[in-house]
>>> print(open('start_28.pdb').read())   # PDB, C-alpha atoms
ATOM      1  CA  MET J  11      -1.071   6.196  45.653
ATOM      2  CA  LYS J  12      -0.919   2.438  45.423
ATOM      3  CA  ILE J  13      -3.711   0.716  43.576
ATOM      4  CA  SER J  14      -4.463  -2.909  44.199
ATOM      5  CA  LYS J  15      -3.743  -5.318  41.427
ATOM      6  CA  SER J  16      -7.365  -6.444  41.300
ATOM      7  CA  ARG J  17      -8.572  -2.876  40.810
ATOM      8  CA  PHE J  18      -6.025  -2.346  38.051
ATOM      9  CA  SER J  19      -7.136  -5.580  36.402
ATOM     10  CA  ILE J  20     -10.731  -4.385  36.399
ATOM     11  CA  ARG J  21      -9.719  -1.139  34.715
ATOM     12  CA  VAL J  22      -7.658  -2.956  32.103
ATOM     13  CA  THR J  23     -10.441  -5.446  31.481
ATOM     14  CA  ALA J  24     -12.992  -2.668  31.064
ATOM     15  CA  ALA J  25     -10.688  -0.672  28.788
ATOM     16  CA  THR J  26      -9.937  -3.761  26.714
ATOM     17  CA  GLY J  27     -13.644  -4.462  26.380
ATOM     18  CA  ILE J  28     -14.335  -0.926  25.185
ATOM     19  CA  LEU J  29     -11.461  -1.021  22.723
ATOM     20  CA  GLY J  30     -12.555  -4.454  21.518
ATOM     21  CA  ALA J  31     -16.093  -3.277  20.852
ATOM     22  CA  LEU J  32     -14.782  -0.196  19.076
ATOM     23  CA  MET J  33     -12.438  -2.303  16.992
ATOM     24  CA  LEU J  34     -15.229  -4.679  15.934
ATOM     25  CA  ALA J  35     -17.375  -1.716  14.926
ATOM     26  CA  PHE J  36     -14.478  -0.305  12.895
ATOM     27  CA  SER J  37     -13.889  -3.730  11.304
ATOM     28  CA  TYR J  38     -17.499  -3.962  10.206
ATOM     29  CA  MET J  39     -17.474  -0.382   8.926
ATOM     30  CA  GLU J  40     -14.250  -1.155   7.067
ATOM     31  CA  SER J  41     -15.873  -4.118   5.287
ATOM     32  CA  VAL J  42     -18.736  -1.876   4.149
ATOM     33  CA  VAL J  43     -16.412   0.948   3.041
ATOM     34  CA  THR J  44     -14.128  -1.482   1.167
ATOM     35  CA  ALA J  45     -17.074  -2.682  -0.925
ATOM     36  CA  LEU J  46     -17.931   0.900  -1.897
ATOM     37  CA  LEU J  47     -14.418   2.179  -2.698
ATOM     38  CA  PRO J  48     -12.644   1.225  -5.949
ATOM     39  CA  LEU J  49      -9.757  -0.464  -4.142
ATOM     40  CA  PRO J  50      -7.596  -3.229  -5.645
ATOM     41  CA  PRO J  51      -8.504  -6.763  -4.510
ATOM     42  CA  GLY J  52      -7.310  -7.560  -0.993
ATOM     43  CA  VAL J  53      -6.665  -3.918  -0.068
ATOM     44  CA  LYS J  54      -8.428  -2.496   2.986
ATOM     45  CA  PRO J  55      -8.205   0.875   4.747
ATOM     46  CA  GLY J  56      -7.017  -0.733   8.004
ATOM     47  CA  ILE J  57      -9.072   1.560  10.219
ATOM     48  CA  ALA J  58      -9.359  -1.042  12.967
ATOM     49  CA  ASN J  59      -5.578  -1.098  13.303
ATOM     50  CA  ILE J  60      -5.752   2.338  14.906
ATOM     51  CA  ILE J  61      -7.255   0.628  17.947
ATOM     52  CA  VAL J  62      -4.564  -2.055  18.019
ATOM     53  CA  MET J  63      -1.807   0.563  17.808
ATOM     54  CA  PHE J  64      -3.384   2.600  20.598
ATOM     55  CA  ALA J  65      -3.654  -0.534  22.735
ATOM     56  CA  CYS J  66       0.020  -1.313  22.072
ATOM     57  CA  ALA J  67       0.998   2.171  23.170
ATOM     58  CA  SER J  68      -1.271   2.527  26.199
ATOM     59  CA  MET J  69      -1.778  -0.967  27.571
ATOM     60  CA  GLY J  70       1.013  -3.074  26.177
ATOM     61  CA  PHE J  71       1.509  -6.034  23.919
ATOM     62  CA  GLY J  72      -0.776  -8.403  25.810
ATOM     63  CA  CYS J  73      -3.862  -6.274  25.335
ATOM     64  CA  ALA J  74      -3.064  -5.590  21.689
ATOM     65  CA  LEU J  75      -2.571  -9.312  21.086
ATOM     66  CA  LEU J  76      -5.913 -10.072  22.692
ATOM     67  CA  LEU J  77      -7.613  -7.493  20.486
ATOM     68  CA  THR J  78      -5.978  -9.049  17.410
ATOM     69  CA  LEU J  79      -7.290 -12.467  18.387
ATOM     70  CA  ILE J  80     -10.774 -11.024  18.930
ATOM     71  CA  LYS J  81     -10.655  -9.385  15.511
ATOM     72  CA  SER J  82      -9.640 -12.655  13.870
ATOM     73  CA  ALA J  83     -12.423 -14.522  15.651
ATOM     74  CA  PHE J  84     -14.878 -11.888  14.422
ATOM     75  CA  THR J  85     -13.547 -12.325  10.887
ATOM     76  CA  VAL J  86     -14.079 -16.086  11.133
ATOM     77  CA  ILE J  87     -17.706 -15.514  12.136
ATOM     78  CA  ILE J  88     -18.380 -12.926   9.424
ATOM     79  CA  SER J  89     -16.274 -14.171   6.510
ATOM     80  CA  GLY J  90     -15.261 -17.762   7.208
ATOM     81  CA  ILE J  91     -12.238 -19.726   8.372
ATOM     82  CA  THR J  92     -10.032 -18.847   5.399
ATOM     83  CA  ALA J  93     -10.470 -15.120   5.900
ATOM     84  CA  GLY J  94      -9.966 -15.577   9.639
ATOM     85  CA  PHE J  95      -6.705 -17.458   9.133
ATOM     86  CA  ILE J  96      -5.423 -14.768   6.790
ATOM     87  CA  SER J  97      -6.483 -12.041   9.225
ATOM     88  CA  LEU J  98      -4.779 -13.859  12.118
ATOM     89  CA  SER J  99      -1.530 -14.326  10.200
ATOM     90  CA  GLY J 100      -1.318 -10.682   9.244
ATOM     91  CA  GLY J 101      -2.507  -9.460  12.616
ATOM     92  CA  LEU J 102      -0.009 -11.475  14.678
ATOM     93  CA  LEU J 103       2.980 -10.315  12.650
ATOM     94  CA  SER J 104       1.724  -6.740  12.612
ATOM     95  CA  VAL J 105       1.049  -6.510  16.353
ATOM     96  CA  ALA J 106       4.422  -8.072  17.195
ATOM     97  CA  VAL J 107       6.311  -5.617  14.989
ATOM     98  CA  THR J 108       4.203  -2.657  16.148
ATOM     99  CA  ALA J 109       4.739  -3.478  19.824
ATOM    100  CA  LEU J 110       8.475  -3.881  19.276
ATOM    101  CA  LEU J 111       8.733  -0.585  17.412
ATOM    102  CA  ILE J 112       6.704   1.310  20.017
ATOM    103  CA  LYS J 113       8.906  -0.090  22.772
ATOM    104  CA  ARG J 114      12.214   0.559  21.018
ATOM    105  CA  VAL J 115      11.893   3.517  18.674
ATOM    106  CA  TYR J 116       8.776   5.508  19.583
ATOM    107  CA  GLY J 117       9.933   9.089  19.920
ATOM    108  CA  ARG J 118      12.466   8.726  17.132
ATOM    109  CA  LEU J 119       9.709   7.368  14.910
ATOM    110  CA  SER J 120       6.161   8.692  15.076
ATOM    111  CA  PHE J 121       2.982   6.628  14.938
ATOM    112  CA  THR J 122       2.887   7.302  11.184
ATOM    113  CA  GLY J 123       6.145   5.480  10.562
ATOM    114  CA  ILE J 124       5.276   2.693  12.988
ATOM    115  CA  SER J 125       1.880   2.303  11.340
ATOM    116  CA  VAL J 126       3.417   2.048   7.865
ATOM    117  CA  LEU J 127       5.830  -0.678   8.979
ATOM    118  CA  GLY J 128       3.052  -2.468  10.842
ATOM    119  CA  ALA J 129       0.818  -2.347   7.761
ATOM    120  CA  VAL J 130       3.574  -3.721   5.514
ATOM    121  CA  CYS J 131       4.142  -6.576   7.977
ATOM    122  CA  HIS J 132       0.383  -7.168   8.136
ATOM    123  CA  ASN J 133       0.213  -7.587   4.374
ATOM    124  CA  ALA J 134       3.352  -9.734   4.398
ATOM    125  CA  GLY J 135       1.750 -12.082   6.916
ATOM    126  CA  GLN J 136      -1.428 -12.214   4.859
ATOM    127  CA  THR J 137       0.523 -12.954   1.678
ATOM    128  CA  VAL J 138       2.327 -15.849   3.356
ATOM    129  CA  ALA J 139      -1.000 -17.200   4.626
ATOM    130  CA  ALA J 140      -2.525 -16.886   1.157
ATOM    131  CA  CYS J 141       0.412 -18.757  -0.398
ATOM    132  CA  ILE J 142      -0.021 -21.546   2.177
ATOM    133  CA  ILE J 143      -3.754 -21.838   1.453
ATOM    134  CA  LEU J 144      -3.264 -21.736  -2.311
ATOM    135  CA  GLY J 145      -0.376 -24.217  -2.095
ATOM    136  CA  SER J 146       1.607 -22.022  -4.434
ATOM    137  CA  PRO J 147       4.199 -19.253  -3.966
ATOM    138  CA  TYR J 148       3.085 -17.448  -7.130
ATOM    139  CA  TYR J 149       0.546 -15.358  -5.261
ATOM    140  CA  ALA J 150       3.529 -13.470  -3.820
ATOM    141  CA  ALA J 151       3.706 -11.663  -7.173
ATOM    142  CA  TYR J 152       0.822  -9.549  -5.869
ATOM    143  CA  PHE J 153       2.853  -8.451  -2.818
ATOM    144  CA  PRO J 154       4.251  -5.247  -4.414
ATOM    145  CA  VAL J 155       0.703  -3.959  -4.846
ATOM    146  CA  LEU J 156      -0.002  -4.752  -1.200
ATOM    147  CA  VAL J 157       3.191  -2.973  -0.089
ATOM    148  CA  ILE J 158       2.202   0.202  -1.914
ATOM    149  CA  SER J 159      -1.289   0.070  -0.412
ATOM    150  CA  ALA J 160       0.194  -0.631   3.033
ATOM    151  CA  VAL J 161       2.386   2.455   2.827
ATOM    152  CA  ILE J 162      -0.602   4.626   1.920
ATOM    153  CA  THR J 163      -3.129   3.178   4.375
ATOM    154  CA  GLY J 164      -0.517   2.875   7.140
ATOM    155  CA  ALA J 165       0.412   6.533   6.724
ATOM    156  CA  VAL J 166      -3.232   7.556   6.938
ATOM    157  CA  THR J 167      -4.049   5.502  10.044
ATOM    158  CA  GLY J 168      -0.807   6.521  11.756
ATOM    159  CA  THR J 169      -1.491  10.162  11.045
ATOM    160  CA  VAL J 170      -5.003   9.807  12.453
ATOM    161  CA  LEU J 171      -3.592   8.327  15.664
ATOM    162  CA  ASN J 172      -0.983  11.089  15.864
ATOM    163  CA  CYS J 173      -3.801  13.638  15.607
ATOM    164  CA  ILE J 174      -6.107  12.109  18.206
ATOM    165  CA  MET J 175      -3.472  11.024  20.725
ATOM    166  CA  PRO J 176      -3.127  14.487  22.346
ATOM    167  CA  SER J 177      -6.888  14.534  22.957
ATOM    168  CA  LEU J 178      -6.789  11.035  24.411
ATOM    169  CA  LYS J 179      -3.932  12.096  26.685
ATOM    170  CA  LYS J 180      -5.988  15.091  27.874
ATOM    171  CA  LEU J 181      -8.817  12.709  28.729
ATOM    172  CA  GLY J 182      -6.324  10.783  30.756
ATOM    173  CA  LEU J 183      -6.922   7.568  28.828
ATOM    174  CA  PHE J 184      -3.331   7.258  27.689
ATOM    175  CA  ASN J 185      -1.413   8.027  30.873
ATOM    176  CA  LYS J 186      -3.850   6.751  33.450
ATOM    177  CA  LEU J 187      -3.484   3.076  32.763
ATOM    178  CA  LYS J 188       0.299   3.267  32.405
ATOM    179  CA  SER J 189       0.729   5.184  35.666
ATOM    180  CA  GLU J 190      -1.614   2.801  37.466
ATOM    181  CA  LYS J 191       0.398  -0.104  36.142
ATOM    182  CA  ARG J 192       3.540   1.466  37.572
ATOM    183  CA  ASN J 193       1.819   1.954  40.944
ATOM    184  CA  THR J 194       0.770  -1.668  41.138
ATOM    185  CA  GLU J 195       4.276  -2.862  40.329
ATOM    186  CA  GLU J 196       6.062  -0.689  42.906
TER     187      GLU J 196
ATOM    188  CA  MET N  17      15.546   9.719  -8.569
ATOM    189  CA  SER N  18      17.230   9.318 -11.962
ATOM    190  CA  SER N  19      18.349   5.786 -11.043
ATOM    191  CA  VAL N  20      14.762   4.889 -10.139
ATOM    192  CA  LEU N  21      13.547   6.201 -13.505
ATOM    193  CA  LEU N  22      16.285   4.295 -15.307
ATOM    194  CA  ILE N  23      15.347   1.052 -13.551
ATOM    195  CA  ALA N  24      11.671   1.629 -14.359
ATOM    196  CA  ALA N  25      12.492   2.250 -18.021
ATOM    197  CA  VAL N  26      14.586  -0.917 -18.248
ATOM    198  CA  ALA N  27      11.828  -2.934 -16.564
ATOM    199  CA  ALA N  28       9.221  -1.520 -18.958
ATOM    200  CA  CYS N  29      11.360  -2.435 -21.975
ATOM    201  CA  PHE N  30      11.856  -5.911 -20.523
ATOM    202  CA  LEU N  31       8.127  -6.406 -19.979
ATOM    203  CA  MET N  32       7.248  -5.148 -23.448
ATOM    204  CA  ARG N  33       9.767  -7.516 -24.997
ATOM    205  CA  GLU N  34       8.351 -10.423 -23.001
ATOM    206  CA  ARG N  35       4.809  -9.524 -24.016
ATOM    207  CA  GLN N  36       5.710  -9.768 -27.695
ATOM    208  CA  ASN N  37       6.785 -13.371 -27.118
ATOM    209  CA  GLY N  38       3.238 -14.346 -26.101
ATOM    210  CA  ILE N  39       1.685 -15.034 -22.739
ATOM    211  CA  THR N  40       0.918 -18.361 -21.086
ATOM    212  CA  ALA N  41      -1.966 -18.509 -18.659
ATOM    213  CA  ARG N  42      -1.927 -21.132 -15.929
ATOM    214  CA  VAL N  43      -4.689 -22.030 -13.505
ATOM    215  CA  TYR N  44      -3.710 -23.720 -10.263
ATOM    216  CA  LEU N  45      -5.955 -25.546  -7.819
ATOM    217  CA  ASP N  46      -4.325 -26.404  -4.491
ATOM    218  CA  GLY N  47      -0.949 -25.720  -6.076
ATOM    219  CA  GLN N  48      -1.521 -28.129  -8.975
ATOM    220  CA  THR N  49      -1.804 -26.932 -12.564
ATOM    221  CA  VAL N  50      -5.285 -27.701 -13.892
ATOM    222  CA  PHE N  51      -5.174 -25.549 -17.033
ATOM    223  CA  GLU N  52      -2.400 -24.114 -19.165
ATOM    224  CA  ALA N  53      -2.673 -22.357 -22.516
ATOM    225  CA  ASN N  54      -1.172 -19.671 -24.693
ATOM    226  CA  LEU N  55      -3.641 -16.796 -24.489
ATOM    227  CA  SER N  56      -3.167 -15.840 -28.117
ATOM    228  CA  ASP N  57      -4.185 -19.384 -29.181
ATOM    229  CA  ILE N  58      -7.581 -19.011 -27.521
ATOM    230  CA  LYS N  59      -9.822 -17.679 -30.265
ATOM    231  CA  GLU N  60     -13.238 -18.641 -28.957
ATOM    232  CA  LYS N  61     -14.550 -18.041 -25.474
ATOM    233  CA  LYS N  62     -13.409 -20.824 -23.182
ATOM    234  CA  VAL N  63     -14.838 -21.439 -19.726
ATOM    235  CA  ILE N  64     -12.770 -23.319 -17.143
ATOM    236  CA  THR N  65     -14.278 -24.692 -13.948
ATOM    237  CA  PRO N  66     -11.369 -25.800 -11.747
ATOM    238  CA  VAL N  67     -13.690 -26.404  -8.798
ATOM    239  CA  VAL N  68     -17.430 -26.314  -8.250
ATOM    240  CA  GLY N  69     -18.525 -22.716  -7.770
ATOM    241  CA  VAL N  70     -15.649 -21.084  -9.644
ATOM    242  CA  GLU N  71     -15.708 -20.134 -13.321
ATOM    243  CA  ILE N  72     -12.773 -18.730 -15.237
ATOM    244  CA  THR N  73     -13.262 -17.304 -18.722
ATOM    245  CA  ALA N  74     -10.545 -16.930 -21.340
ATOM    246  CA  GLU N  75     -11.100 -15.044 -24.592
ATOM    247  CA  ASN N  76      -9.487 -12.409 -26.802
ATOM    248  CA  GLY N  77      -6.110 -12.684 -25.096
ATOM    249  CA  LYS N  78      -7.526 -12.204 -21.601
ATOM    250  CA  ILE N  79      -8.389 -14.496 -18.725
ATOM    251  CA  GLY N  80     -10.114 -13.901 -15.435
ATOM    252  CA  PHE N  81     -12.592 -15.029 -12.834
ATOM    253  CA  THR N  82     -16.197 -14.506 -13.944
ATOM    254  CA  SER N  83     -18.035 -16.380 -11.218
ATOM    255  CA  SER N  84     -17.145 -17.489  -7.710
ATOM    256  CA  SER N  85     -18.845 -18.875  -4.651
ATOM    257  CA  CYS N  86     -16.589 -16.908  -2.309
ATOM    258  CA  GLN N  87     -18.030 -14.145  -0.187
ATOM    259  CA  SER N  88     -15.817 -11.193  -1.038
ATOM    260  CA  HIS N  89     -15.497 -11.747  -4.829
ATOM    261  CA  ASP N  90     -12.020 -10.180  -4.754
ATOM    262  CA  CYS N  91     -11.104 -12.653  -7.501
ATOM    263  CA  ILE N  92     -13.774 -11.244  -9.843
ATOM    264  CA  LYS N  93     -12.728  -7.675  -8.940
ATOM    265  CA  SER N  94      -9.253  -8.491 -10.271
ATOM    266  CA  GLY N  95     -10.836  -8.279 -13.709
ATOM    267  CA  MET N  96      -9.568  -9.836 -16.921
ATOM    268  CA  LEU N  97      -5.800 -10.298 -16.944
ATOM    269  CA  SER N  98      -3.696  -9.828 -20.040
ATOM    270  CA  LYS N  99      -0.277  -8.588 -18.892
ATOM    271  CA  PRO N 100       2.645 -10.901 -18.078
ATOM    272  CA  TYR N 101       3.335 -11.556 -14.385
ATOM    273  CA  SER N 102      -0.284 -10.704 -13.469
ATOM    274  CA  THR N 103      -2.034 -12.838 -10.877
ATOM    275  CA  ALA N 104      -5.558 -13.278  -9.610
ATOM    276  CA  ALA N 105      -6.607 -15.585  -6.822
ATOM    277  CA  CYS N 106      -9.751 -16.924  -5.218
ATOM    278  CA  ILE N 107      -8.220 -17.819  -1.886
ATOM    279  CA  PRO N 108     -11.257 -19.457  -0.212
ATOM    280  CA  ASN N 109     -11.550 -21.824  -3.211
ATOM    281  CA  ARG N 110      -7.737 -22.166  -3.480
ATOM    282  CA  VAL N 111      -7.664 -21.222  -7.173
ATOM    283  CA  LEU N 112      -4.884 -19.106  -8.674
ATOM    284  CA  ILE N 113      -4.393 -17.658 -12.162
ATOM    285  CA  THR N 114      -0.936 -16.590 -13.273
ATOM    286  CA  LEU N 115       0.260 -15.122 -16.554
ATOM    287  CA  SER N 116       3.830 -15.569 -17.645
ATOM    288  CA  PRO N 117       5.760 -14.974 -20.869
ATOM    289  CA  ASN N 118       5.944 -18.010 -23.159
ATOM    290  CA  GLY N 119       8.841 -20.297 -22.382
ATOM    291  CA  HIS N 120       8.887 -19.331 -18.719
ATOM    292  CA  THR N 121       7.701 -21.562 -15.898
ATOM    293  CA  GLY N 122       5.474 -20.149 -13.195
ATOM    294  CA  ASN N 123       5.909 -16.404 -13.068
ATOM    295  CA  GLY N 124       9.312 -16.383 -14.794
ATOM    296  CA  TYR N 125      11.284 -15.116 -11.788
ATOM    297  CA  ASP N 126      14.239 -17.310 -12.704
ATOM    298  CA  SER N 127      14.520 -15.600 -16.081
ATOM    299  CA  ILE N 128      14.668 -12.164 -14.413
ATOM    300  CA  ALA N 129      17.266 -13.218 -11.862
ATOM    301  CA  TYR N 130      19.943 -14.197 -14.357
TER     302      TYR N 130
END
>>> encode(input="start_28.pdb", output="structure tokens")
Amino acid sequence: MKISKSRFSIRVTAATGILGALMLAFSYMESVVTALLPLPPGVKPGIANIIVMFACASMGFGCALLLTLIKSAFTVIISGITAGFISLSGGLLSVAVTALLIKRVYGRLSFTGISVLGAVCHNAGQTVAACIILGSPYYAAYFPVLVISAVITGAVTGTVLNCIMPSLKKLGLFNKLKSEKRNTEE
Amino acid sequence: MSSVLLIAAVAACFLMRERQNGITARVYLDGQTVFEANLSDIKEKKVITPVVGVEITAENGKIGFTSSSCQSHDCIKSGMLSKPYSTAACIPNRVLITLSPNGHTGNGYDSIAY
């Protein structure tokens, strides 16, 4: 059944809005949890990245990029321009790599592996941004710590998405938008 | 696995040797060095204020952020540094602390790469 492009756009817009709100809630919860856990400086659980990965997989790079920009804007409001710039740097690199991996190797690599690589790229982008702000490359000495934390947190978030994806597929949230997109393009 | 352990053992020996040579602490503001000292030469508590709102304390062979105007205070959570090649940064205030073995510039990467 063909669905008009306008109707598909409404669905995508609504889904993006829901995911965006969910992501902002996760981001705020993450900031609270980070303060309570004895994590090394600069390390975060990355819970909100579950939403970005799901958006990459179900609605494509454009939606995931929009969510990343929304998250960075939220970070600017909550934590300031510096934190927002760092979040944007990490987020852009992470979403680009995640989208590329999902398009090319998903199936051979599960969400866990994709999440780990996305998290490492996220921290790499943040490290570069921090070095630019500090005006010194010496901050990169902290990158090994961030890589280790990225592997751990990326594995956790990827595993969570692997676990919940079957349920989301049963709800029809995963396939519906992709099949509708195909119907509008035919 | 054995090669990883061997590399780790060599690195540990290297770091311990470097530590015995003494440690130089450097404080950078916007990429410029604003403070540099041998940690073992600092006998009394010394407070450095590279920028308004940020305080760095050096004493007893350790250095670290003790006060900051930033929101997250990740710099203070880094604690007091005493090991070579350690770093702590207050990114919103653009202040960076690095520790390197005496006789090495920056973080001493050039000396490792030979």
>>> closest_residue(input="start_28.pdb", among="J:Val170, J:Ala160, J:Cys66, J:Val42", to="chain N", atoms="all atoms listed in the file")
J:Val42
>>> resolve_selection(input="start_28.pdb", expression="the ChimeraX specification (/J :<9) & /N", output="NGL selection string")
:N and (44-48 or 87-94 or 101-114 or 122-123)
>>> residues_around(input="start_28.pdb", residues="Pro100 of chain N", least_positions_apart="3", cutoff="6 Å", atoms="all atoms listed in the file", output="ChimeraX atom specification")
/N:115-117
>>> resolve_selection(input="start_28.pdb", expression="the PyMOL selection byres ((chain N and resi 83) around 10)", output="compact mmCIF listing (two decimals) with C-alpha atoms, in the frame of the given file")
# COMPACT_ATOMS: atom_id res chain seq x y z
CA THR N 65 -14.28 -24.69 -13.95
CA GLY N 69 -18.52 -22.72 -7.77
CA VAL N 70 -15.65 -21.08 -9.64
CA GLU N 71 -15.71 -20.13 -13.32
CA ILE N 72 -12.77 -18.73 -15.24
CA THR N 73 -13.26 -17.30 -18.72
CA GLY N 80 -10.11 -13.90 -15.44
CA PHE N 81 -12.59 -15.03 -12.83
CA THR N 82 -16.20 -14.51 -13.94
CA SER N 84 -17.14 -17.49 -7.71
CA SER N 85 -18.84 -18.88 -4.65
CA CYS N 86 -16.59 -16.91 -2.31
CA HIS N 89 -15.50 -11.75 -4.83
CA CYS N 91 -11.10 -12.65 -7.50
CA ILE N 92 -13.77 -11.24 -9.84
>>> atom_distance(input="start_28.pdb", atom1="atom CA of Thr78 of chain J", atom2="atom CA of Gly101 of chain J")
5.9 Å
>>> residues_near_point(input="start_28.pdb", point="(-10.6, -14.0, 14.6)", cutoff="12 Å", atoms="all atoms listed in the file", output="number ranges by chain")
J: 30, 34, 37, 75-102
